[in-house]
$ cat structure_10.txt   # compact mmCIF, C-alpha atoms
# COMPACT_ATOMS: atom_id res chain seq x y z
CA MET A 246 6.61 -10.19 -19.66
CA THR A 247 9.26 -12.40 -18.14
CA SER A 248 9.66 -13.00 -14.45
CA MET A 249 12.58 -11.45 -12.56
CA ALA A 250 14.74 -13.82 -10.54
CA LYS A 251 15.29 -12.99 -6.90
CA GLY A 252 18.35 -10.87 -6.30
CA THR A 253 18.31 -9.24 -9.75
CA GLN A 254 17.57 -5.60 -10.44
CA GLY A 255 13.83 -6.18 -10.68
CA PRO A 256 11.38 -3.90 -8.86
CA LEU A 257 12.42 -3.12 -5.31
CA VAL A 258 9.70 -3.77 -2.73
CA VAL A 259 10.05 -1.77 0.47
CA ILE A 260 7.74 -2.36 3.44
CA PRO A 261 7.87 0.68 5.74
CA ALA A 262 7.19 -0.24 9.35
CA ARG A 263 7.05 1.94 12.44
CA TYR A 264 6.28 1.03 16.02
CA ALA A 265 4.67 4.27 17.20
CA SER A 266 1.30 4.05 15.47
CA THR A 267 -1.31 6.33 17.07
CA ARG A 268 -4.21 4.00 16.39
CA PHE A 269 -2.36 0.72 16.98
CA PRO A 270 1.04 0.98 18.77
CA GLY A 271 3.38 -1.88 17.92
CA LYS A 272 1.20 -2.96 15.00
CA PRO A 273 3.99 -4.58 12.89
CA LEU A 274 4.80 -6.92 15.79
CA ALA A 275 1.19 -7.80 16.63
CA ASP A 276 0.60 -11.56 16.74
CA LEU A 277 -1.43 -12.88 13.82
CA CYS A 278 -1.99 -16.64 13.94
CA GLY A 279 1.31 -17.27 15.69
CA ARG A 280 3.49 -14.91 13.62
CA PRO A 281 4.08 -11.15 13.74
CA MET A 282 2.02 -9.28 11.18
CA ILE A 283 5.10 -7.89 9.43
CA GLN A 284 6.19 -11.46 8.72
CA HIS A 285 2.93 -12.21 6.91
CA VAL A 286 3.44 -9.17 4.67
CA TRP A 287 7.09 -9.98 3.96
CA GLU A 288 6.40 -13.66 3.18
CA ARG A 289 3.66 -12.79 0.71
CA ALA A 290 5.88 -10.21 -0.96
CA VAL A 291 8.80 -12.62 -1.44
CA ALA A 292 6.37 -15.25 -2.77
CA ALA A 293 5.56 -12.92 -5.70
CA LYS A 294 7.50 -13.49 -8.92
CA ARG A 295 8.13 -9.92 -10.10
CA PRO A 296 10.07 -8.33 -7.21
CA GLY A 297 13.84 -8.45 -7.37
CA ARG A 298 14.31 -7.62 -3.66
CA VAL A 299 12.03 -7.24 -0.64
CA VAL A 300 13.14 -5.08 2.29
CA VAL A 301 11.53 -3.92 5.53
CA ALA A 302 12.44 -0.31 6.35
CA THR A 303 12.16 0.81 9.98
CA ASP A 304 13.76 3.07 12.56
CA ASP A 305 12.85 0.74 15.43
CA LEU A 306 15.31 -1.88 16.68
CA ARG A 307 12.50 -4.12 17.93
CA ILE A 308 11.05 -4.40 14.45
CA ALA A 309 14.49 -4.85 12.89
CA GLU A 310 15.35 -7.67 15.28
CA CYS A 311 12.02 -9.35 14.62
CA VAL A 312 12.46 -9.22 10.85
CA ARG A 313 15.98 -10.59 10.98
CA ALA A 314 14.85 -13.35 13.35
CA PHE A 315 12.42 -14.75 10.77
CA GLY A 316 15.00 -14.43 7.99
CA GLY A 317 13.85 -11.21 6.36
CA GLU A 318 15.98 -8.33 5.13
CA CYS A 319 15.70 -5.11 7.09
CA VAL A 320 17.24 -1.66 6.73
CA LEU A 321 17.40 0.74 9.65
CA THR A 322 16.41 4.18 8.38
CA ALA A 323 16.56 7.67 9.85
CA ALA A 324 14.14 8.50 12.65
CA SER A 325 13.45 11.93 11.16
CA HIS A 326 11.28 10.74 8.26
CA ARG A 327 7.83 12.32 8.22
CA ASN A 328 6.08 9.39 6.52
CA GLY A 329 6.50 6.02 4.84
CA THR A 330 7.28 7.56 1.46
CA GLU A 331 10.42 9.20 2.81
CA ARG A 332 11.44 5.98 4.56
CA VAL A 333 11.02 4.02 1.32
CA ALA A 334 12.94 6.67 -0.62
CA GLU A 335 15.96 6.32 1.69
CA VAL A 336 16.20 2.63 0.79
CA ALA A 337 15.48 3.28 -2.90
CA ALA A 338 18.31 5.84 -3.11
CA ALA A 339 20.83 3.01 -2.70
CA SER A 340 19.12 0.71 -5.22
CA PRO A 341 19.47 0.57 -9.02
CA SER A 342 15.86 -0.59 -9.49
CA HIS A 343 13.83 1.53 -11.91
CA LEU A 344 10.55 0.74 -10.11
CA VAL A 345 10.03 0.92 -6.35
CA VAL A 346 7.04 -0.59 -4.56
CA ASN A 347 5.89 1.03 -1.32
CA LEU A 348 3.98 -1.87 0.24
CA GLN A 349 2.27 -0.95 3.50
CA GLY A 350 3.00 -3.23 6.43
CA ASP A 351 -0.68 -3.51 7.41
CA LEU A 352 -1.71 -5.64 4.40
CA PRO A 353 -1.11 -9.19 5.69
CA LEU A 354 -3.64 -10.98 3.47
CA PHE A 355 -2.90 -9.92 -0.13
CA HIS A 356 -2.26 -12.58 -2.76
CA PRO A 357 1.26 -12.54 -4.26
CA PRO A 358 -0.14 -12.72 -7.84
CA THR A 359 -1.94 -9.44 -7.15
CA LEU A 360 1.40 -7.76 -6.43
CA ASP A 361 2.76 -9.25 -9.65
CA ARG A 362 -0.21 -7.91 -11.63
CA LEU A 363 0.19 -4.40 -10.22
CA ILE A 364 3.90 -4.42 -11.03
CA ASP A 365 3.15 -5.56 -14.59
CA VAL A 366 0.65 -2.71 -14.99
CA ALA A 367 3.17 -0.24 -13.59
CA GLN A 368 5.93 -1.37 -15.94
CA THR A 369 3.64 -0.83 -18.93
CA ALA A 370 2.07 2.42 -17.71
CA VAL A 371 5.35 4.08 -16.81
CA ALA A 372 6.89 3.25 -20.18
CA ALA A 373 3.93 3.86 -22.48
CA ARG A 374 1.70 6.39 -20.70
CA GLY A 375 4.04 8.63 -18.76
CA ILE A 376 2.61 7.56 -15.40
CA ASP A 377 4.65 8.43 -12.29
CA GLY A 378 3.01 5.95 -9.95
CA VAL A 379 0.46 3.15 -9.68
CA THR A 380 -1.84 2.32 -6.78
CA ALA A 381 -4.90 0.13 -6.14
CA ARG A 382 -8.60 0.78 -5.63
CA ALA A 383 -11.80 -1.25 -5.27
CA LYS A 384 -15.51 -0.57 -5.44
CA ILE A 385 -17.13 0.19 -2.07
CA ASP A 386 -20.08 -2.08 -1.37
CA LEU A 387 -20.75 -1.15 2.26
CA ARG A 388 -22.60 2.13 2.77
CA ASP A 389 -20.90 2.69 6.15
CA GLU A 390 -17.50 2.81 4.42
CA ILE A 391 -18.67 5.59 2.11
CA PHE A 392 -19.02 7.89 5.12
CA SER A 393 -16.15 6.54 7.23
CA PRO A 394 -13.03 8.75 7.52
CA SER A 395 -11.03 5.56 8.09
CA CYS A 396 -11.83 4.48 4.55
CA VAL A 397 -9.85 6.58 2.07
CA LYS A 398 -11.76 7.28 -1.13
CA VAL A 399 -10.41 8.05 -4.61
CA VAL A 400 -11.97 9.53 -7.74
CA VAL A 401 -10.42 9.05 -11.19
CA ASP A 402 -10.68 10.38 -14.72
CA HIS A 403 -11.70 8.39 -17.81
CA GLU A 404 -8.23 6.86 -18.03
CA ASP A 405 -8.21 5.73 -14.37
CA ARG A 406 -5.77 8.46 -13.33
CA ALA A 407 -6.39 9.68 -9.78
CA LEU A 408 -8.01 13.09 -9.52
CA TYR A 409 -8.20 13.23 -5.73
CA PHE A 410 -7.98 11.15 -2.57
CA SER A 411 -9.99 11.99 0.55
CA ARG A 412 -11.22 10.72 3.88
CA ALA A 413 -14.45 12.54 3.08
CA THR A 414 -17.16 11.15 0.83
CA ILE A 415 -16.17 11.79 -2.79
CA PRO A 416 -18.12 12.36 -4.89
CA HIS A 417 -20.20 14.22 -2.29
CA LEU A 418 -23.32 12.45 -1.09
CA ASP A 419 -25.84 13.61 1.47
CA PRO A 420 -26.19 10.74 3.99
CA ALA A 421 -29.88 11.60 4.33
CA VAL A 422 -30.49 10.99 0.62
CA PRO A 423 -30.58 7.52 -0.98
CA THR A 424 -27.54 6.79 -3.11
CA PRO A 425 -28.24 7.19 -6.84
CA PRO A 426 -27.87 3.75 -8.45
CA GLU A 427 -25.36 5.00 -11.03
CA THR A 428 -22.99 6.40 -8.39
CA ILE A 429 -19.91 4.29 -7.70
CA PHE A 430 -17.52 4.93 -4.83
CA TYR A 431 -13.99 3.56 -4.68
CA LYS A 432 -11.75 2.89 -1.70
CA HIS A 433 -7.99 3.27 -1.93
CA PHE A 434 -5.44 0.73 -0.70
CA GLY A 435 -1.96 1.42 0.68
CA ILE A 436 0.32 0.24 -2.08
CA TYR A 437 2.27 2.55 -4.40
CA ILE A 438 4.59 1.71 -7.27
CA TYR A 439 6.74 4.65 -8.30
CA GLN A 440 9.43 5.45 -10.82
CA ARG A 441 12.52 5.55 -8.65
CA ASP A 442 13.67 9.00 -9.78
CA PHE A 443 10.21 10.47 -9.22
CA LEU A 444 10.05 8.92 -5.74
CA LEU A 445 13.39 10.45 -4.78
CA ARG A 446 12.20 13.89 -5.90
CA LEU A 447 8.90 13.41 -4.10
CA ALA A 448 10.59 12.63 -0.80
CA GLN A 449 12.49 15.94 -0.97
CA MET A 450 9.38 18.05 -1.54
CA PRO A 451 7.77 20.00 1.33
CA GLU A 452 4.52 18.73 2.74
CA GLY A 453 1.60 19.88 0.61
CA ARG A 454 -1.37 21.79 1.96
CA LEU A 455 -3.86 19.14 0.87
CA GLU A 456 -1.61 16.41 2.27
CA ALA A 457 -1.54 18.17 5.65
CA ALA A 458 -5.30 18.76 5.69
CA GLU A 459 -6.30 15.20 4.76
CA ARG A 460 -3.32 13.43 6.39
CA LEU A 461 -2.80 11.53 3.13
CA GLU A 462 0.76 11.52 1.82
CA GLN A 463 -0.29 10.48 -1.72
CA LEU A 464 -1.83 13.92 -2.19
CA ARG A 465 1.69 15.33 -2.32
CA VAL A 466 2.05 13.52 -5.66
CA LEU A 467 -1.04 15.20 -7.12
CA GLU A 468 -0.11 18.62 -5.72
CA ALA A 469 3.28 18.27 -7.40
CA GLY A 470 1.65 17.51 -10.76
CA GLY A 471 2.40 13.79 -10.65
CA ARG A 472 0.19 11.24 -12.35
CA ILE A 473 -1.08 8.21 -10.41
CA LEU A 474 -2.86 5.34 -12.15
CA ALA A 475 -5.46 3.76 -9.82
CA VAL A 476 -5.86 0.11 -10.84
CA THR A 477 -9.17 -1.56 -9.98
CA LEU A 478 -8.67 -4.81 -8.11
CA TRP A 479 -10.55 -7.88 -9.32
CA PRO A 480 -13.45 -9.03 -7.08
CA GLU A 481 -11.47 -12.03 -5.81
CA GLU A 482 -8.49 -9.78 -4.94
CA THR A 483 -10.38 -7.11 -3.04
CA PRO A 484 -11.04 -8.98 0.25
CA CYS A 485 -7.36 -9.96 0.36
CA PHE A 486 -6.23 -6.32 0.35
CA PHE A 487 -7.68 -6.00 3.83
CA GLU A 488 -5.92 -3.33 5.92
CA VAL A 489 -5.27 -3.77 9.64
CA ASN A 490 -5.73 -0.29 11.10
CA HIS A 491 -7.11 -1.13 14.56
CA PRO A 492 -6.73 -4.05 17.01
CA GLU A 493 -10.22 -5.27 16.10
CA ASP A 494 -9.11 -5.56 12.46
CA LEU A 495 -6.51 -8.08 13.59
CA ARG A 496 -9.27 -10.38 14.84
CA ARG A 497 -10.95 -10.22 11.42
CA ALA A 498 -7.65 -11.09 9.77
CA GLU A 499 -7.27 -14.10 12.07
CA VAL A 500 -10.70 -15.38 11.03
CA TYR A 501 -9.78 -14.96 7.36
CA LEU A 502 -6.49 -16.86 7.71
CA SER A 503 -8.06 -19.62 9.82
CA ARG A 504 -10.76 -20.23 7.21
CA ALA A 505 -8.22 -20.16 4.40
CA ALA A 506 -6.07 -22.71 6.24
CA ARG A 507 -9.08 -25.04 6.42
CA GLY A 508 -9.73 -24.62 2.72
CA GLU A 509 -12.90 -22.62 3.29
CA THR A 510 -13.94 -19.55 1.35
CA PRO A 511 -12.99 -16.57 3.55

$ encode --input "structure_10.txt" --output "structure tokens"
Amino acid sequence: MTSMAKGTQGPLVVIPARYASTRFPGKPLADLCGRPMIQHVWERAVAAKRPGRVVVATDDLRIAECVRAFGGECVLTAASHRNGTERVAEVAAASPSHLVVNLQGDLPLFHPPTLDRLIDVAQTAVAARGIDGVTARAKIDLRDEIFSPSCVKVVVDHEDRALYFSRATIPHLDPAVPTPPETIFYKHFGIYIYQRDFLLRLAQMPEGRLEAAERLEQLRVLEAGGRILAVTLWPEETPCFFEVNHPEDLRRAEVYLSRAARGETP
């Protein structure tokens, strides 16, 4: 599969960013090793070979000014959007790209080749398997994460299509009982690659009951009958898909980047 040159009609990457985060207000502008976190995400996205265009989508002038100051492209979107999917869809509606990547702005450590690999999988899956969207997952190794509502879990069928996403422990496991050795739990990461037309329809749908209960917008896809392929990240990719959800996560990200800058294994 050939690489798309920047500025062509390759996959559109949209990074939704909002200032008013409940858990971490101002998160996109938080300082991470001397640069705002949103800049780390944008720079890694533009370093990938597959995207044709990378855009930050926000309704906040502070974020827009920050992005433009470091040379990034930013689109001011409506303040009425209920979630990142709708914000991404507004940008996608004006783009001719067949594939649209919803790349969360709290993933400042991912490797650009990982984004390329996920896009390659999406291009094949959408064309050959009738998949509406692609996302990422990884095996959970820490028992605390299995029971943490901050860690979103996903279960899949035999063809790696998502059956359900939840903040609860799925499959169910009694915390008082030792985990059966054959049981594998997977965490879900905030990246989605959609067919553009499906994304535009999705953004117009009402909020689903499961989506409202779990506070997980990807459940709207499943409730609408959409098919999401959950790609398993390679072991070396998994630590780099680290999500910054709380201020303390930012300190962990700083340690990772500092070690990487010194050539050490993070």

$ atom_distance --input "structure_10.txt" --atom1 "CA of Ala262 (chain A)" --atom2 "CA of Thr303 (chain A)"
5.1 Å

$ residues_near_point --input "structure_10.txt" --point "(5.2, -13.3, -8.5)" --cutoff "9 Å" --atoms "only C-alpha atoms" --output "list of chain:residue names"
A:Ser248, A:Met249, A:Ala290, A:Val291, A:Ala292, A:Ala293, A:Lys294, A:Arg295, A:Pro296, A:Pro357, A:Pro358, A:Thr359, A:Leu360, A:Asp361, A:Arg362

$ atom_distance --input "structure_10.txt" --atom1 "CA of Ile376 (chain A)" --atom2 "CA of Pro394 (chain A)"
27.8 Å

$ residues_around --input "structure_10.txt" --residues "Gly471 (chain A)" --least-positions-apart "5" --cutoff "10 Å" --atoms "all atoms listed in the file" --output "mmCIF file with C-alpha atoms, in the frame of the given file"
data_model
loop_
_atom_site.group_PDB
_atom_site.id
_atom_site.type_symbol
_atom_site.label_atom_id
_atom_site.label_comp_id
_atom_site.auth_asym_id
_atom_site.auth_seq_id
_atom_site.Cartn_x
_atom_site.Cartn_y
_atom_site.Cartn_z
ATOM 1 C CA GLY A 375 4.040 8.630 -18.760
ATOM 2 C CA ILE A 376 2.610 7.560 -15.400
ATOM 3 C CA ASP A 377 4.650 8.430 -12.290
ATOM 4 C CA GLY A 378 3.010 5.950 -9.950
ATOM 5 C CA ALA A 407 -6.390 9.680 -9.780
ATOM 6 C CA PHE A 443 10.210 10.470 -9.220
ATOM 7 C CA LEU A 447 8.900 13.410 -4.100
ATOM 8 C CA GLN A 463 -0.290 10.480 -1.720
ATOM 9 C CA LEU A 464 -1.830 13.920 -2.190
ATOM 10 C CA ARG A 465 1.690 15.330 -2.320
ATOM 11 C CA VAL A 466 2.050 13.520 -5.660
#

$ closest_residue --input "structure_10.txt" --among "A:Ala367, A:Val476, A:Ala339, A:Cys311" --to "Val400 (chain A)" --atoms "only C-alpha atoms"
A:Val476

$ closest_residue --input "structure_10.txt" --among "A:Lys272, A:Arg280, A:Arg446, A:Arg496" --to "Glu331 (chain A)" --atoms "all atoms listed in the file"
A:Arg446

$ residues_around --input "structure_10.txt" --residues "Val346 (chain A)" --least-positions-apart "5" --cutoff "7 Å" --atoms "only C-alpha atoms" --output "count of residues only"
7

$ closest_residue --input "structure_10.txt" --among "A:Leu321, A:Cys278, A:Trp287, A:Val299" --to "Arg263 (chain A)" --atoms "all atoms listed in the file"
A:Leu321

$ closest_residue --input "structure_10.txt" --among "A:Ala458, A:Ala448, A:Ala498, A:Cys396" --to "Arg327 (chain A)" --atoms "all atoms listed in the file"
A:Ala448

$ decode --input "structure_10.txt" --residues "region 281-407 of chain A" --atoms "C-alpha atoms" --output "PDB file, in the first residue's frame"
ATOM      1  CA  PRO A 281       1.343  21.790  25.431  1.00  0.00           C
ATOM      2  CA  MET A 282       0.016  18.243  25.301  1.00  0.00           C
ATOM      3  CA  ILE A 283      -2.043  18.918  22.175  1.00  0.00           C
ATOM      4  CA  GLN A 284       1.186  19.792  20.355  1.00  0.00           C
ATOM      5  CA  HIS A 285       2.683  16.381  21.167  1.00  0.00           C
ATOM      6  CA  VAL A 286      -0.381  14.655  19.700  1.00  0.00           C
ATOM      7  CA  TRP A 287      -0.438  16.834  16.580  1.00  0.00           C
ATOM      8  CA  GLU A 288       3.301  16.434  15.907  1.00  0.00           C
ATOM      9  CA  ARG A 289       3.101  12.658  16.151  1.00  0.00           C
ATOM     10  CA  ALA A 290       0.086  12.583  13.855  1.00  0.00           C
ATOM     11  CA  VAL A 291       1.758  14.689  11.140  1.00  0.00           C
ATOM     12  CA  ALA A 292       4.885  12.518  11.423  1.00  0.00           C
ATOM     13  CA  ALA A 293       2.826   9.512  10.256  1.00  0.00           C
ATOM     14  CA  LYS A 294       2.945   8.699   6.536  1.00  0.00           C
ATOM     15  CA  ARG A 295      -0.671   7.704   5.840  1.00  0.00           C
ATOM     16  CA  PRO A 296      -2.681  10.805   6.836  1.00  0.00           C
ATOM     17  CA  GLY A 297      -3.434  13.328   4.135  1.00  0.00           C
ATOM     18  CA  ARG A 298      -4.376  16.107   6.587  1.00  0.00           C
ATOM     19  CA  VAL A 299      -4.231  16.578  10.363  1.00  0.00           C
ATOM     20  CA  VAL A 300      -6.609  19.037  12.042  1.00  0.00           C
ATOM     21  CA  VAL A 301      -7.377  19.982  15.639  1.00  0.00           C
ATOM     22  CA  ALA A 302     -11.104  20.578  16.183  1.00  0.00           C
ATOM     23  CA  THR A 303     -12.144  22.735  19.141  1.00  0.00           C
ATOM     24  CA  ASP A 304     -14.726  25.264  20.248  1.00  0.00           C
ATOM     25  CA  ASP A 305     -12.267  27.038  22.547  1.00  0.00           C
ATOM     26  CA  LEU A 306     -10.291  30.066  21.348  1.00  0.00           C
ATOM     27  CA  ARG A 307      -7.466  29.370  23.808  1.00  0.00           C
ATOM     28  CA  ILE A 308      -6.841  25.974  22.261  1.00  0.00           C
ATOM     29  CA  ALA A 309      -7.197  27.351  18.729  1.00  0.00           C
ATOM     30  CA  GLU A 310      -4.662  30.097  19.400  1.00  0.00           C
ATOM     31  CA  CYS A 311      -2.253  27.609  20.937  1.00  0.00           C
ATOM     32  CA  VAL A 312      -2.467  25.248  17.959  1.00  0.00           C
ATOM     33  CA  ARG A 313      -1.948  28.016  15.437  1.00  0.00           C
ATOM     34  CA  ALA A 314       0.986  29.358  17.462  1.00  0.00           C
ATOM     35  CA  PHE A 315       2.930  26.106  17.055  1.00  0.00           C
ATOM     36  CA  GLY A 316       2.030  25.893  13.357  1.00  0.00           C
ATOM     37  CA  GLY A 317      -0.827  23.405  13.489  1.00  0.00           C
ATOM     38  CA  GLU A 318      -4.116  23.542  11.614  1.00  0.00           C
ATOM     39  CA  CYS A 319      -7.190  24.178  13.721  1.00  0.00           C
ATOM     40  CA  VAL A 320     -10.902  24.401  12.961  1.00  0.00           C
ATOM     41  CA  LEU A 321     -13.292  26.153  15.322  1.00  0.00           C
ATOM     42  CA  THR A 322     -16.396  23.995  15.639  1.00  0.00           C
ATOM     43  CA  ALA A 323     -19.832  24.535  17.138  1.00  0.00           C
ATOM     44  CA  ALA A 324     -20.097  24.672  20.921  1.00  0.00           C
ATOM     45  CA  SER A 325     -23.261  22.573  20.864  1.00  0.00           C
ATOM     46  CA  HIS A 326     -21.589  19.241  20.088  1.00  0.00           C
ATOM     47  CA  ARG A 327     -22.322  16.548  22.665  1.00  0.00           C
ATOM     48  CA  ASN A 328     -19.057  14.640  22.174  1.00  0.00           C
ATOM     49  CA  GLY A 329     -15.867  14.334  20.151  1.00  0.00           C
ATOM     50  CA  THR A 330     -17.532  12.241  17.453  1.00  0.00           C
ATOM     51  CA  GLU A 331     -19.865  15.087  16.539  1.00  0.00           C
ATOM     52  CA  ARG A 332     -16.978  17.568  16.580  1.00  0.00           C
ATOM     53  CA  VAL A 333     -14.957  15.344  14.238  1.00  0.00           C
ATOM     54  CA  ALA A 334     -17.967  14.872  11.965  1.00  0.00           C
ATOM     55  CA  GLU A 335     -18.344  18.635  11.503  1.00  0.00           C
ATOM     56  CA  VAL A 336     -14.806  18.796  10.114  1.00  0.00           C
ATOM     57  CA  ALA A 337     -15.256  15.609   8.066  1.00  0.00           C
ATOM     58  CA  ALA A 338     -18.393  16.989   6.396  1.00  0.00           C
ATOM     59  CA  ALA A 339     -16.229  19.505   4.520  1.00  0.00           C
ATOM     60  CA  SER A 340     -13.588  16.940   3.522  1.00  0.00           C
ATOM     61  CA  PRO A 341     -13.512  14.549   0.545  1.00  0.00           C
ATOM     62  CA  SER A 342     -11.539  11.914   2.487  1.00  0.00           C
ATOM     63  CA  HIS A 343     -13.119   8.453   2.479  1.00  0.00           C
ATOM     64  CA  LEU A 344     -11.602   7.569   5.875  1.00  0.00           C
ATOM     65  CA  VAL A 345     -11.667   9.808   8.940  1.00  0.00           C
ATOM     66  CA  VAL A 346      -9.516   9.243  12.019  1.00  0.00           C
ATOM     67  CA  ASN A 347     -10.841  10.440  15.372  1.00  0.00           C
ATOM     68  CA  LEU A 348      -7.589  10.696  17.336  1.00  0.00           C
ATOM     69  CA  GLN A 349      -8.104  11.634  20.969  1.00  0.00           C
ATOM     70  CA  GLY A 350      -6.067  14.578  22.206  1.00  0.00           C
ATOM     71  CA  ASP A 351      -4.943  12.760  25.364  1.00  0.00           C
ATOM     72  CA  LEU A 352      -2.618  10.295  23.577  1.00  0.00           C
ATOM     73  CA  PRO A 353       0.690  12.225  23.530  1.00  0.00           C
ATOM     74  CA  LEU A 354       3.029   9.212  23.378  1.00  0.00           C
ATOM     75  CA  PHE A 355       1.845   7.032  20.474  1.00  0.00           C
ATOM     76  CA  HIS A 356       4.291   6.079  17.739  1.00  0.00           C
ATOM     77  CA  PRO A 357       3.445   7.472  14.273  1.00  0.00           C
ATOM     78  CA  PRO A 358       3.963   4.021  12.647  1.00  0.00           C
ATOM     79  CA  THR A 359       1.183   2.702  14.886  1.00  0.00           C
ATOM     80  CA  LEU A 360      -1.221   5.235  13.391  1.00  0.00           C
ATOM     81  CA  ASP A 361      -0.070   4.175   9.922  1.00  0.00           C
ATOM     82  CA  ARG A 362      -0.675   0.504  10.749  1.00  0.00           C
ATOM     83  CA  LEU A 363      -4.194   1.169  12.040  1.00  0.00           C
ATOM     84  CA  ILE A 364      -5.029   3.186   8.927  1.00  0.00           C
ATOM     85  CA  ASP A 365      -3.730   0.367   6.722  1.00  0.00           C
ATOM     86  CA  VAL A 366      -5.918  -2.129   8.591  1.00  0.00           C
ATOM     87  CA  ALA A 367      -8.916   0.178   8.260  1.00  0.00           C
ATOM     88  CA  GLN A 368      -8.445   0.643   4.525  1.00  0.00           C
ATOM     89  CA  THR A 369      -8.423  -3.129   4.030  1.00  0.00           C
ATOM     90  CA  ALA A 370     -11.219  -3.920   6.493  1.00  0.00           C
ATOM     91  CA  VAL A 371     -13.600  -1.292   5.169  1.00  0.00           C
ATOM     92  CA  ALA A 372     -13.133  -2.439   1.573  1.00  0.00           C
ATOM     93  CA  ALA A 373     -13.028  -6.214   2.046  1.00  0.00           C
ATOM     94  CA  ARG A 374     -14.980  -6.939   5.241  1.00  0.00           C
ATOM     95  CA  GLY A 375     -17.720  -4.333   5.386  1.00  0.00           C
ATOM     96  CA  ILE A 376     -16.362  -2.797   8.595  1.00  0.00           C
ATOM     97  CA  ASP A 377     -17.697   0.644   9.560  1.00  0.00           C
ATOM     98  CA  GLY A 378     -14.911   1.566  11.958  1.00  0.00           C
ATOM     99  CA  VAL A 379     -11.598   0.464  13.436  1.00  0.00           C
ATOM    100  CA  THR A 380     -10.275   1.035  16.947  1.00  0.00           C
ATOM    101  CA  ALA A 381      -7.441  -0.271  19.142  1.00  0.00           C
ATOM    102  CA  ARG A 382      -7.209  -2.589  22.133  1.00  0.00           C
ATOM    103  CA  ALA A 383      -4.500  -4.218  24.247  1.00  0.00           C
ATOM    104  CA  LYS A 384      -4.301  -7.025  26.763  1.00  0.00           C
ATOM    105  CA  ILE A 385      -4.675  -5.922  30.394  1.00  0.00           C
ATOM    106  CA  ASP A 386      -1.784  -7.088  32.545  1.00  0.00           C
ATOM    107  CA  LEU A 387      -2.553  -5.172  35.747  1.00  0.00           C
ATOM    108  CA  ARG A 388      -5.320  -6.653  37.892  1.00  0.00           C
ATOM    109  CA  ASP A 389      -6.278  -3.205  39.233  1.00  0.00           C
ATOM    110  CA  GLU A 390      -7.171  -2.079  35.699  1.00  0.00           C
ATOM    111  CA  ILE A 391      -9.591  -4.972  35.291  1.00  0.00           C
ATOM    112  CA  PHE A 392     -11.768  -3.507  38.045  1.00  0.00           C
ATOM    113  CA  SER A 393     -11.129   0.197  37.381  1.00  0.00           C
ATOM    114  CA  PRO A 394     -14.005   2.186  35.807  1.00  0.00           C
ATOM    115  CA  SER A 395     -11.369   4.518  34.350  1.00  0.00           C
ATOM    116  CA  CYS A 396     -10.114   1.661  32.195  1.00  0.00           C
ATOM    117  CA  VAL A 397     -12.606   0.951  29.408  1.00  0.00           C
ATOM    118  CA  LYS A 398     -12.823  -2.732  28.532  1.00  0.00           C
ATOM    119  CA  VAL A 399     -13.872  -4.358  25.250  1.00  0.00           C
ATOM    120  CA  VAL A 400     -14.931  -7.886  24.317  1.00  0.00           C
ATOM    121  CA  VAL A 401     -14.802  -9.145  20.721  1.00  0.00           C
ATOM    122  CA  ASP A 402     -16.020 -12.021  18.578  1.00  0.00           C
ATOM    123  CA  HIS A 403     -13.835 -14.558  16.756  1.00  0.00           C
ATOM    124  CA  GLU A 404     -13.144 -12.044  13.986  1.00  0.00           C
ATOM    125  CA  ASP A 405     -12.077  -9.276  16.407  1.00  0.00           C
ATOM    126  CA  ARG A 406     -15.301  -7.315  15.927  1.00  0.00           C
ATOM    127  CA  ALA A 407     -16.361  -5.473  19.076  1.00  0.00           C
TER     128      ALA A 407
END
